[in-house]
$ cat query-v9.txt   # compact mmCIF, N, CA, C and O atoms
# COMPACT_ATOMS: atom_id res chain seq x y z
N MET A 5 39.66 -36.60 18.23
CA MET A 5 40.27 -35.81 19.29
C MET A 5 41.44 -36.57 19.91
O MET A 5 42.41 -35.94 20.31
N ASP A 6 41.35 -37.88 19.99
CA ASP A 6 42.45 -38.65 20.57
C ASP A 6 43.73 -38.46 19.77
O ASP A 6 44.81 -38.30 20.34
N ARG A 7 43.60 -38.46 18.45
CA ARG A 7 44.76 -38.25 17.59
C ARG A 7 45.37 -36.88 17.86
O ARG A 7 46.60 -36.73 17.91
N ILE A 8 44.52 -35.91 18.06
CA ILE A 8 45.00 -34.55 18.33
C ILE A 8 45.72 -34.50 19.67
O ILE A 8 46.79 -33.93 19.80
N LYS A 9 45.12 -35.14 20.69
CA LYS A 9 45.74 -35.12 22.02
C LYS A 9 47.07 -35.87 22.04
O LYS A 9 47.97 -35.52 22.78
N LYS A 10 47.20 -36.91 21.21
CA LYS A 10 48.46 -37.66 21.15
C LYS A 10 49.60 -36.76 20.71
O LYS A 10 50.75 -36.98 21.08
N ARG A 11 49.28 -35.76 19.94
CA ARG A 11 50.30 -34.82 19.45
C ARG A 11 51.01 -34.14 20.63
O ARG A 11 52.16 -33.74 20.51
N THR A 12 50.34 -34.02 21.75
CA THR A 12 50.92 -33.31 22.89
C THR A 12 51.86 -34.20 23.70
O THR A 12 52.48 -33.74 24.65
N GLY A 13 51.97 -35.47 23.34
CA GLY A 13 52.79 -36.41 24.09
C GLY A 13 54.26 -36.05 24.14
O GLY A 13 54.97 -36.45 25.07
N SER A 14 54.73 -35.31 23.17
CA SER A 14 56.16 -34.96 23.13
C SER A 14 56.53 -33.95 24.21
O SER A 14 57.68 -33.84 24.60
N GLY A 15 55.53 -33.19 24.65
CA GLY A 15 55.80 -32.14 25.64
C GLY A 15 56.35 -30.87 25.01
O GLY A 15 56.64 -29.91 25.72
N ALA A 16 56.49 -30.84 23.69
CA ALA A 16 57.02 -29.66 23.01
C ALA A 16 55.92 -28.62 22.81
O ALA A 16 54.80 -28.96 22.42
N GLU A 17 56.25 -27.38 23.08
CA GLU A 17 55.28 -26.30 22.92
C GLU A 17 54.74 -26.25 21.49
O GLU A 17 53.55 -26.03 21.28
N SER A 18 55.59 -26.49 20.51
CA SER A 18 55.14 -26.44 19.12
C SER A 18 54.08 -27.51 18.85
O SER A 18 53.13 -27.28 18.09
N ASP A 19 54.20 -28.67 19.49
CA ASP A 19 53.19 -29.71 19.32
C ASP A 19 51.87 -29.34 20.00
O ASP A 19 50.80 -29.64 19.48
N TYR A 20 51.95 -28.67 21.13
CA TYR A 20 50.74 -28.18 21.79
C TYR A 20 50.02 -27.19 20.88
O TYR A 20 48.81 -27.22 20.74
N LYS A 21 50.80 -26.31 20.29
CA LYS A 21 50.20 -25.30 19.41
C LYS A 21 49.53 -25.95 18.20
O LYS A 21 48.41 -25.59 17.84
N LEU A 22 50.20 -26.91 17.60
CA LEU A 22 49.61 -27.61 16.45
C LEU A 22 48.35 -28.37 16.86
O LEU A 22 47.38 -28.42 16.11
N ALA A 23 48.36 -28.95 18.05
CA ALA A 23 47.18 -29.68 18.54
C ALA A 23 45.99 -28.74 18.68
O ALA A 23 44.86 -29.11 18.34
N ILE A 24 46.22 -27.55 19.17
CA ILE A 24 45.13 -26.57 19.34
C ILE A 24 44.60 -26.14 17.97
O ILE A 24 43.39 -26.05 17.78
N ILE A 25 45.48 -25.90 17.04
CA ILE A 25 45.04 -25.54 15.69
C ILE A 25 44.21 -26.68 15.09
O ILE A 25 43.15 -26.45 14.51
N ASP A 26 44.69 -27.90 15.26
CA ASP A 26 43.95 -29.07 14.76
C ASP A 26 42.59 -29.21 15.45
O ASP A 26 41.59 -29.54 14.81
N ALA A 27 42.55 -28.97 16.75
CA ALA A 27 41.29 -29.09 17.51
C ALA A 27 40.29 -28.04 17.04
O ALA A 27 39.09 -28.31 16.94
N ASP A 28 40.77 -26.85 16.77
CA ASP A 28 39.91 -25.78 16.27
C ASP A 28 39.33 -26.18 14.91
O ASP A 28 38.12 -26.05 14.69
N ASP A 29 40.18 -26.69 14.03
CA ASP A 29 39.71 -27.15 12.72
C ASP A 29 38.70 -28.28 12.87
O ASP A 29 37.69 -28.34 12.16
N TYR A 30 38.98 -29.20 13.80
CA TYR A 30 38.09 -30.34 14.03
C TYR A 30 36.71 -29.86 14.50
O TYR A 30 35.68 -30.32 14.00
N LEU A 31 36.68 -28.93 15.45
CA LEU A 31 35.41 -28.43 15.95
C LEU A 31 34.64 -27.72 14.84
O LEU A 31 33.42 -27.89 14.71
N MET A 32 35.33 -26.98 14.02
CA MET A 32 34.67 -26.30 12.90
C MET A 32 34.05 -27.33 11.96
O MET A 32 32.93 -27.15 11.49
N GLU A 33 34.76 -28.42 11.73
CA GLU A 33 34.25 -29.50 10.89
C GLU A 33 33.01 -30.15 11.51
O GLU A 33 32.03 -30.43 10.82
N VAL A 34 33.05 -30.38 12.83
CA VAL A 34 31.90 -30.97 13.53
C VAL A 34 30.69 -30.05 13.40
O VAL A 34 29.58 -30.50 13.11
N LEU A 35 30.90 -28.76 13.62
CA LEU A 35 29.81 -27.79 13.50
C LEU A 35 29.22 -27.80 12.10
O LEU A 35 28.00 -27.81 11.93
N ASP A 36 30.08 -27.81 11.12
CA ASP A 36 29.63 -27.82 9.73
C ASP A 36 28.86 -29.11 9.42
O ASP A 36 27.79 -29.07 8.81
N ASN A 37 29.39 -30.23 9.86
CA ASN A 37 28.74 -31.53 9.61
C ASN A 37 27.38 -31.66 10.30
O ASN A 37 26.52 -32.40 9.83
N ARG A 38 27.21 -30.95 11.40
CA ARG A 38 25.94 -31.00 12.13
C ARG A 38 24.93 -30.00 11.56
O ARG A 38 23.83 -29.87 12.07
N GLY A 39 25.33 -29.29 10.51
CA GLY A 39 24.39 -28.42 9.82
C GLY A 39 24.32 -26.99 10.30
O GLY A 39 23.41 -26.24 9.91
N TYR A 40 25.24 -26.58 11.14
CA TYR A 40 25.25 -25.17 11.58
C TYR A 40 25.78 -24.31 10.45
O TYR A 40 26.73 -24.67 9.77
N ASP A 41 25.15 -23.15 10.28
CA ASP A 41 25.56 -22.23 9.22
C ASP A 41 26.54 -21.21 9.77
O ASP A 41 26.49 -20.85 10.95
N GLY A 42 27.39 -20.74 8.89
CA GLY A 42 28.32 -19.68 9.26
C GLY A 42 29.52 -19.68 8.34
O GLY A 42 29.97 -20.73 7.89
N ASP A 43 30.03 -18.49 8.09
CA ASP A 43 31.20 -18.34 7.23
C ASP A 43 32.49 -18.29 8.03
O ASP A 43 33.57 -18.33 7.47
N SER A 44 32.38 -18.17 9.35
CA SER A 44 33.56 -18.11 10.21
C SER A 44 33.34 -19.00 11.42
O SER A 44 32.21 -19.43 11.71
N PHE A 45 34.42 -19.26 12.11
CA PHE A 45 34.33 -20.06 13.33
C PHE A 45 33.34 -19.41 14.31
O PHE A 45 32.49 -20.08 14.88
N GLU A 46 33.47 -18.10 14.47
CA GLU A 46 32.62 -17.39 15.43
C GLU A 46 31.14 -17.52 15.06
O GLU A 46 30.30 -17.70 15.95
N GLU A 47 30.81 -17.41 13.77
CA GLU A 47 29.41 -17.55 13.35
C GLU A 47 28.89 -18.96 13.61
O GLU A 47 27.76 -19.14 14.07
N LEU A 48 29.72 -19.96 13.31
CA LEU A 48 29.30 -21.34 13.56
C LEU A 48 29.04 -21.58 15.04
O LEU A 48 28.04 -22.19 15.42
N VAL A 49 29.94 -21.09 15.88
CA VAL A 49 29.78 -21.27 17.33
C VAL A 49 28.55 -20.52 17.83
O VAL A 49 27.79 -21.03 18.65
N LYS A 50 28.34 -19.31 17.33
CA LYS A 50 27.16 -18.54 17.73
C LYS A 50 25.88 -19.30 17.38
O LYS A 50 24.95 -19.37 18.18
N ASN A 51 25.85 -19.89 16.20
CA ASN A 51 24.66 -20.64 15.78
C ASN A 51 24.49 -21.94 16.56
O ASN A 51 23.38 -22.48 16.59
N ALA A 52 25.54 -22.42 17.16
CA ALA A 52 25.48 -23.64 17.97
C ALA A 52 25.40 -23.32 19.46
O ALA A 52 25.47 -24.22 20.29
N SER A 53 25.22 -22.06 19.80
CA SER A 53 25.32 -21.64 21.20
C SER A 53 24.35 -22.37 22.14
O SER A 53 24.68 -22.60 23.29
N LYS A 54 23.18 -22.74 21.65
CA LYS A 54 22.24 -23.47 22.51
C LYS A 54 22.79 -24.84 22.88
O LYS A 54 22.59 -25.32 23.99
N SER A 55 23.50 -25.47 21.95
CA SER A 55 24.06 -26.80 22.20
C SER A 55 25.25 -26.76 23.15
O SER A 55 25.51 -27.74 23.84
N ILE A 56 25.96 -25.65 23.16
CA ILE A 56 27.16 -25.55 23.97
C ILE A 56 27.07 -24.43 25.02
O ILE A 56 28.09 -23.92 25.47
N ALA A 57 25.86 -24.09 25.40
CA ALA A 57 25.62 -22.94 26.28
C ALA A 57 26.56 -22.88 27.49
O ALA A 57 27.13 -21.82 27.75
N PRO A 58 26.74 -23.98 28.24
CA PRO A 58 27.58 -23.87 29.45
C PRO A 58 29.04 -23.52 29.16
O PRO A 58 29.71 -22.97 30.02
N ILE A 59 29.51 -23.83 27.97
CA ILE A 59 30.92 -23.58 27.66
C ILE A 59 31.10 -22.63 26.47
O ILE A 59 32.20 -22.52 25.93
N TYR A 60 30.04 -21.94 26.10
CA TYR A 60 30.10 -21.04 24.94
C TYR A 60 31.26 -20.05 25.05
O TYR A 60 32.06 -19.92 24.11
N ASP A 61 31.37 -19.35 26.17
CA ASP A 61 32.44 -18.37 26.34
C ASP A 61 33.81 -19.03 26.32
O ASP A 61 34.77 -18.47 25.79
N ASP A 62 33.91 -20.23 26.90
CA ASP A 62 35.17 -20.96 26.91
C ASP A 62 35.61 -21.32 25.49
O ASP A 62 36.80 -21.29 25.17
N VAL A 63 34.64 -21.69 24.65
CA VAL A 63 34.96 -22.03 23.26
C VAL A 63 35.50 -20.80 22.53
O VAL A 63 36.50 -20.89 21.79
N LEU A 64 34.89 -19.66 22.75
CA LEU A 64 35.39 -18.43 22.11
C LEU A 64 36.79 -18.08 22.62
O LEU A 64 37.65 -17.65 21.84
N LYS A 65 37.03 -18.29 23.92
CA LYS A 65 38.38 -18.03 24.47
C LYS A 65 39.39 -19.01 23.89
O LYS A 65 40.54 -18.65 23.62
N ALA A 66 38.98 -20.26 23.72
CA ALA A 66 39.87 -21.26 23.12
C ALA A 66 40.24 -20.84 21.69
O ALA A 66 41.40 -20.95 21.28
N HIS A 67 39.26 -20.33 20.97
CA HIS A 67 39.51 -19.86 19.60
C HIS A 67 40.44 -18.65 19.61
O HIS A 67 41.29 -18.51 18.72
N GLU A 68 40.31 -17.79 20.61
CA GLU A 68 41.22 -16.65 20.73
C GLU A 68 42.65 -17.14 20.94
O GLU A 68 43.59 -16.56 20.38
N THR A 69 42.80 -18.20 21.74
CA THR A 69 44.12 -18.78 21.95
C THR A 69 44.67 -19.30 20.63
O THR A 69 45.83 -19.08 20.28
N ARG A 70 43.82 -19.98 19.87
CA ARG A 70 44.23 -20.48 18.54
C ARG A 70 44.68 -19.33 17.66
O ARG A 70 45.70 -19.42 16.98
N ASN A 71 43.94 -18.23 17.67
CA ASN A 71 44.31 -17.09 16.85
C ASN A 71 45.64 -16.49 17.31
O ASN A 71 46.45 -16.06 16.48
N SER A 72 45.86 -16.46 18.61
CA SER A 72 47.14 -15.96 19.13
C SER A 72 48.30 -16.83 18.63
O SER A 72 49.36 -16.31 18.27
N ILE A 73 48.07 -18.13 18.61
CA ILE A 73 49.10 -19.05 18.12
C ILE A 73 49.40 -18.78 16.65
O ILE A 73 50.56 -18.72 16.24
N VAL A 74 48.36 -18.60 15.86
CA VAL A 74 48.52 -18.42 14.42
C VAL A 74 49.11 -17.06 14.06
O VAL A 74 49.98 -16.97 13.18
N TYR A 75 48.68 -16.02 14.74
CA TYR A 75 49.04 -14.67 14.32
C TYR A 75 50.15 -14.00 15.13
O TYR A 75 50.63 -12.94 14.75
N ASN A 76 50.54 -14.60 16.25
CA ASN A 76 51.58 -14.02 17.09
C ASN A 76 52.71 -15.04 17.27
O ASN A 76 52.61 -15.92 18.11
N PRO A 77 53.77 -14.91 16.51
CA PRO A 77 54.85 -15.90 16.59
C PRO A 77 55.54 -15.95 17.95
O PRO A 77 56.20 -16.94 18.28
N ASP A 78 55.36 -14.92 18.76
CA ASP A 78 55.98 -14.89 20.08
C ASP A 78 55.05 -15.39 21.19
O ASP A 78 55.41 -15.37 22.36
N PHE A 79 53.85 -15.85 20.81
CA PHE A 79 52.88 -16.33 21.80
C PHE A 79 53.44 -17.54 22.54
O PHE A 79 53.94 -18.48 21.92
N LYS A 80 53.37 -17.50 23.86
CA LYS A 80 53.86 -18.60 24.70
C LYS A 80 52.67 -19.39 25.22
O LYS A 80 51.66 -18.82 25.63
N LEU A 81 52.82 -20.70 25.22
CA LEU A 81 51.74 -21.59 25.63
C LEU A 81 52.30 -22.63 26.59
O LEU A 81 53.22 -23.37 26.24
N SER A 82 51.74 -22.68 27.78
CA SER A 82 52.18 -23.69 28.75
C SER A 82 51.42 -24.99 28.53
O SER A 82 50.36 -25.02 27.89
N ALA A 83 51.96 -26.07 29.06
CA ALA A 83 51.30 -27.38 28.94
C ALA A 83 49.93 -27.34 29.61
O ALA A 83 48.96 -27.89 29.07
N ASP A 84 49.83 -26.70 30.77
CA ASP A 84 48.54 -26.62 31.47
C ASP A 84 47.53 -25.83 30.66
O ASP A 84 46.36 -26.22 30.56
N GLN A 85 47.95 -24.73 30.10
CA GLN A 85 47.06 -23.91 29.29
C GLN A 85 46.59 -24.71 28.07
O GLN A 85 45.41 -24.70 27.74
N ALA A 86 47.50 -25.41 27.43
CA ALA A 86 47.15 -26.21 26.25
C ALA A 86 46.14 -27.28 26.61
O ALA A 86 45.16 -27.50 25.88
N LYS A 87 46.34 -27.95 27.74
CA LYS A 87 45.41 -29.00 28.17
C LYS A 87 44.02 -28.44 28.39
O LYS A 87 43.02 -29.03 27.95
N LYS A 88 43.92 -27.30 29.04
CA LYS A 88 42.63 -26.68 29.30
C LYS A 88 41.92 -26.31 28.00
O LYS A 88 40.72 -26.54 27.84
N VAL A 89 42.67 -25.75 27.06
CA VAL A 89 42.08 -25.35 25.78
C VAL A 89 41.61 -26.59 25.02
O VAL A 89 40.50 -26.62 24.48
N LEU A 90 42.43 -27.63 24.99
CA LEU A 90 42.05 -28.86 24.29
C LEU A 90 40.83 -29.51 24.94
O LEU A 90 39.98 -30.06 24.25
N ASP A 91 40.74 -29.43 26.26
CA ASP A 91 39.57 -29.98 26.96
C ASP A 91 38.29 -29.23 26.55
O ASP A 91 37.22 -29.84 26.41
N VAL A 92 38.39 -27.93 26.36
CA VAL A 92 37.24 -27.14 25.92
C VAL A 92 36.79 -27.59 24.53
O VAL A 92 35.60 -27.82 24.29
N TYR A 93 37.74 -27.72 23.63
CA TYR A 93 37.38 -28.18 22.28
C TYR A 93 36.74 -29.56 22.31
O TYR A 93 35.76 -29.82 21.62
N GLU A 94 37.30 -30.44 23.12
CA GLU A 94 36.76 -31.80 23.22
C GLU A 94 35.33 -31.79 23.78
O GLU A 94 34.45 -32.46 23.26
N SER A 95 35.12 -31.02 24.83
CA SER A 95 33.77 -30.92 25.41
C SER A 95 32.76 -30.37 24.42
O SER A 95 31.64 -30.87 24.31
N ALA A 96 33.17 -29.34 23.68
CA ALA A 96 32.26 -28.75 22.70
C ALA A 96 31.94 -29.74 21.59
O ALA A 96 30.78 -29.88 21.19
N ALA A 97 32.94 -30.44 21.11
CA ALA A 97 32.71 -31.43 20.05
C ALA A 97 31.75 -32.53 20.52
O ALA A 97 30.88 -32.96 19.77
N LYS A 98 31.90 -32.94 21.76
CA LYS A 98 31.02 -33.97 22.31
C LYS A 98 29.59 -33.45 22.43
O LYS A 98 28.63 -34.14 22.10
N GLU A 99 29.44 -32.24 22.94
CA GLU A 99 28.11 -31.65 23.10
C GLU A 99 27.41 -31.51 21.76
O GLU A 99 26.23 -31.82 21.61
N ILE A 100 28.12 -31.03 20.77
CA ILE A 100 27.53 -30.82 19.46
C ILE A 100 27.24 -32.15 18.79
O ILE A 100 26.21 -32.31 18.15
N GLY A 101 28.12 -33.09 18.96
CA GLY A 101 27.92 -34.41 18.38
C GLY A 101 26.72 -35.13 18.93
O GLY A 101 26.10 -35.96 18.26
N MET A 102 26.34 -34.79 20.18
CA MET A 102 25.21 -35.43 20.84
C MET A 102 23.90 -34.71 20.60
O MET A 102 22.84 -35.25 20.85
N SER A 103 23.98 -33.47 20.13
CA SER A 103 22.75 -32.67 19.99
C SER A 103 22.00 -33.02 18.73
O SER A 103 22.48 -33.67 17.85
$ encode --input "query-v9.txt" --output "structure tokens"
Amino acid sequence: MDRIKKRTGSGAESDYKLAIIDADDYLMEVLDNRGYDGDSFEELVKNASKSIAPIYDDVLKAHETRNSIVYNPDFKLSADQAKKVLDVYESAAKEIGMS
């Protein structure tokens, strides 16, 4: 996650977007490595919902932001918004890694 967060050091919106995409991929990898089943991000998160219960909805919203970045070329992302989304991914990865 530190490597991903370093990407945001430039302050460029494009780097924030790439960091969120990377964080989403990282969380999916963590879920897979911890043995959660699922063919999609949403299925993996649903199967891990007990481990991430307090932030379950936030993780799904973070993934929605990632999808907006990927599928909507006009999507705008502020530095504050990016930080909040990255914090959600980081919290989820920590919770799952500890479970």
$ closest_residue --input "query-v9.txt" --among "A:Leu22, A:Asp41, A:Arg7, A:Thr12" --to "Ala83 of chain A" --atoms "all atoms listed in the file"
A:Thr12
$ closest_residue --input "query-v9.txt" --among "A:Asn51, A:Ile25, A:Asp6, A:Asp84" --to "Asn71 of chain A" --atoms "only N, CA, C and O atoms"
A:Ile25
$ closest_residue --input "query-v9.txt" --among "A:Asp19, A:Glu33, A:Asp28, A:Asp61" --to "Gly101 of chain A" --atoms "only C-alpha atoms"
A:Glu33
$ select_by_dssp --input "query-v9.txt" --residues "chain A" --states "alpha helix (DSSP H)" --output "PyMOL selection string"
chain A and resi 6-10+17-37+45-51+60-75+83-102
$ atom_distance --input "query-v9.txt" --atom1 "atom C of Asp26 of chain A" --atom2 "atom N of Ile100 of chain A"
15.5 Å
$ residues_around --input "query-v9.txt" --residues "Ala66 of chain A" --least-positions-apart "6" --cutoff "12 Å" --atoms "only C-alpha atoms" --output "list in words"
Lys21, Ile24, Ile25, Ala27, Asp28, Asp29, Leu31, Phe45, Glu46, Val49, Ile59, Tyr60, Ser72, Ile73, Gln85, Ala86, Lys87, Lys88, Val89, Leu90, Asp91, Val92, Tyr93, Glu94, Ser95 and Ala96 of chain A
$ closest_residue --input "query-v9.txt" --among "A:Ser18, A:Asn76, A:Ser53, A:Ser44" --to "Met32 of chain A" --atoms "only C-alpha atoms"
A:Ser44
$ closest_residue --input "query-v9.txt" --among "A:Asp78, A:Leu48, A:Ser14, A:Lys65" --to "Val34 of chain A" --atoms "only C-alpha atoms"
A:Leu48
$ atom_distance --input "query-v9.txt" --atom1 "atom C of Ala97 of chain A" --atom2 "atom C of His67 of chain A"
16.4 Å
$ atom_distance --input "query-v9.txt" --atom1 "atom C of Lys98 of chain A" --atom2 "atom C of Ser82 of chain A"
24.2 Å
$ closest_residue --input "query-v9.txt" --among "A:Leu35, A:Val63, A:Leu81, A:Val74" --to "Ala16 of chain A" --atoms "only N, CA, C and O atoms"
A:Leu81
$ decode --input "query-v9.txt" --residues "segment 18-38 of chain A" --atoms "N, CA and C atoms" --output "PDB file, in the first residue's frame"
ATOM      1  N   SER A  18      -4.194  12.191 -12.515  1.00  0.00           N
ATOM      2  CA  SER A  18      -3.981  10.911 -13.188  1.00  0.00           C
ATOM      3  C   SER A  18      -3.258   9.924 -12.269  1.00  0.00           C
ATOM      4  N   ASP A  19      -2.345  10.420 -11.436  1.00  0.00           N
ATOM      5  CA  ASP A  19      -1.649   9.544 -10.492  1.00  0.00           C
ATOM      6  C   ASP A  19      -2.583   9.069  -9.381  1.00  0.00           C
ATOM      7  N   TYR A  20      -3.482   9.926  -8.948  1.00  0.00           N
ATOM      8  CA  TYR A  20      -4.480   9.513  -7.957  1.00  0.00           C
ATOM      9  C   TYR A  20      -5.347   8.397  -8.528  1.00  0.00           C
ATOM     10  N   LYS A  21      -5.747   8.572  -9.771  1.00  0.00           N
ATOM     11  CA  LYS A  21      -6.597   7.564 -10.407  1.00  0.00           C
ATOM     12  C   LYS A  21      -5.865   6.230 -10.524  1.00  0.00           C
ATOM     13  N   LEU A  22      -4.619   6.269 -10.947  1.00  0.00           N
ATOM     14  CA  LEU A  22      -3.837   5.033 -11.059  1.00  0.00           C
ATOM     15  C   LEU A  22      -3.639   4.383  -9.695  1.00  0.00           C
ATOM     16  N   ALA A  23      -3.447   5.190  -8.668  1.00  0.00           N
ATOM     17  CA  ALA A  23      -3.277   4.656  -7.311  1.00  0.00           C
ATOM     18  C   ALA A  23      -4.535   3.919  -6.861  1.00  0.00           C
ATOM     19  N   ILE A  24      -5.690   4.457  -7.171  1.00  0.00           N
ATOM     20  CA  ILE A  24      -6.949   3.806  -6.787  1.00  0.00           C
ATOM     21  C   ILE A  24      -7.125   2.494  -7.548  1.00  0.00           C
ATOM     22  N   ILE A  25      -6.808   2.496  -8.817  1.00  0.00           N
ATOM     23  CA  ILE A  25      -6.891   1.257  -9.593  1.00  0.00           C
ATOM     24  C   ILE A  25      -5.940   0.216  -9.010  1.00  0.00           C
ATOM     25  N   ASP A  26      -4.727   0.638  -8.685  1.00  0.00           N
ATOM     26  CA  ASP A  26      -3.747  -0.271  -8.079  1.00  0.00           C
ATOM     27  C   ASP A  26      -4.221  -0.786  -6.724  1.00  0.00           C
ATOM     28  N   ALA A  27      -4.821   0.086  -5.925  1.00  0.00           N
ATOM     29  CA  ALA A  27      -5.307  -0.308  -4.592  1.00  0.00           C
ATOM     30  C   ALA A  27      -6.436  -1.320  -4.716  1.00  0.00           C
ATOM     31  N   ASP A  28      -7.295  -1.129  -5.689  1.00  0.00           N
ATOM     32  CA  ASP A  28      -8.389  -2.067  -5.933  1.00  0.00           C
ATOM     33  C   ASP A  28      -7.821  -3.440  -6.312  1.00  0.00           C
ATOM     34  N   ASP A  29      -6.847  -3.439  -7.211  1.00  0.00           N
ATOM     35  CA  ASP A  29      -6.199  -4.700  -7.606  1.00  0.00           C
ATOM     36  C   ASP A  29      -5.517  -5.357  -6.416  1.00  0.00           C
ATOM     37  N   TYR A  30      -4.866  -4.540  -5.590  1.00  0.00           N
ATOM     38  CA  TYR A  30      -4.158  -5.055  -4.413  1.00  0.00           C
ATOM     39  C   TYR A  30      -5.138  -5.720  -3.447  1.00  0.00           C
ATOM     40  N   LEU A  31      -6.268  -5.055  -3.179  1.00  0.00           N
ATOM     41  CA  LEU A  31      -7.248  -5.627  -2.261  1.00  0.00           C
ATOM     42  C   LEU A  31      -7.814  -6.924  -2.825  1.00  0.00           C
ATOM     43  N   MET A  32      -8.048  -6.967  -4.096  1.00  0.00           N
ATOM     44  CA  MET A  32      -8.549  -8.195  -4.716  1.00  0.00           C
ATOM     45  C   MET A  32      -7.533  -9.327  -4.539  1.00  0.00           C
ATOM     46  N   GLU A  33      -6.262  -8.998  -4.678  1.00  0.00           N
ATOM     47  CA  GLU A  33      -5.195  -9.981  -4.481  1.00  0.00           C
ATOM     48  C   GLU A  33      -5.152 -10.461  -3.027  1.00  0.00           C
ATOM     49  N   VAL A  34      -5.301  -9.536  -2.079  1.00  0.00           N
ATOM     50  CA  VAL A  34      -5.314  -9.897  -0.658  1.00  0.00           C
ATOM     51  C   VAL A  34      -6.484 -10.836  -0.375  1.00  0.00           C
ATOM     52  N   LEU A  35      -7.652 -10.501  -0.892  1.00  0.00           N
ATOM     53  CA  LEU A  35      -8.836 -11.343  -0.694  1.00  0.00           C
ATOM     54  C   LEU A  35      -8.610 -12.743  -1.261  1.00  0.00           C
ATOM     55  N   ASP A  36      -8.060 -12.793  -2.440  1.00  0.00           N
ATOM     56  CA  ASP A  36      -7.794 -14.076  -3.086  1.00  0.00           C
ATOM     57  C   ASP A  36      -6.768 -14.884  -2.283  1.00  0.00           C
ATOM     58  N   ASN A  37      -5.710 -14.226  -1.856  1.00  0.00           N
ATOM     59  CA  ASN A  37      -4.656 -14.903  -1.089  1.00  0.00           C
ATOM     60  C   ASN A  37      -5.143 -15.418   0.265  1.00  0.00           C
ATOM     61  N   ARG A  38      -6.146 -14.765   0.818  1.00  0.00           N
ATOM     62  CA  ARG A  38      -6.697 -15.186   2.113  1.00  0.00           C
ATOM     63  C   ARG A  38      -7.746 -16.281   1.948  1.00  0.00           C
TER      64      ARG A  38
END
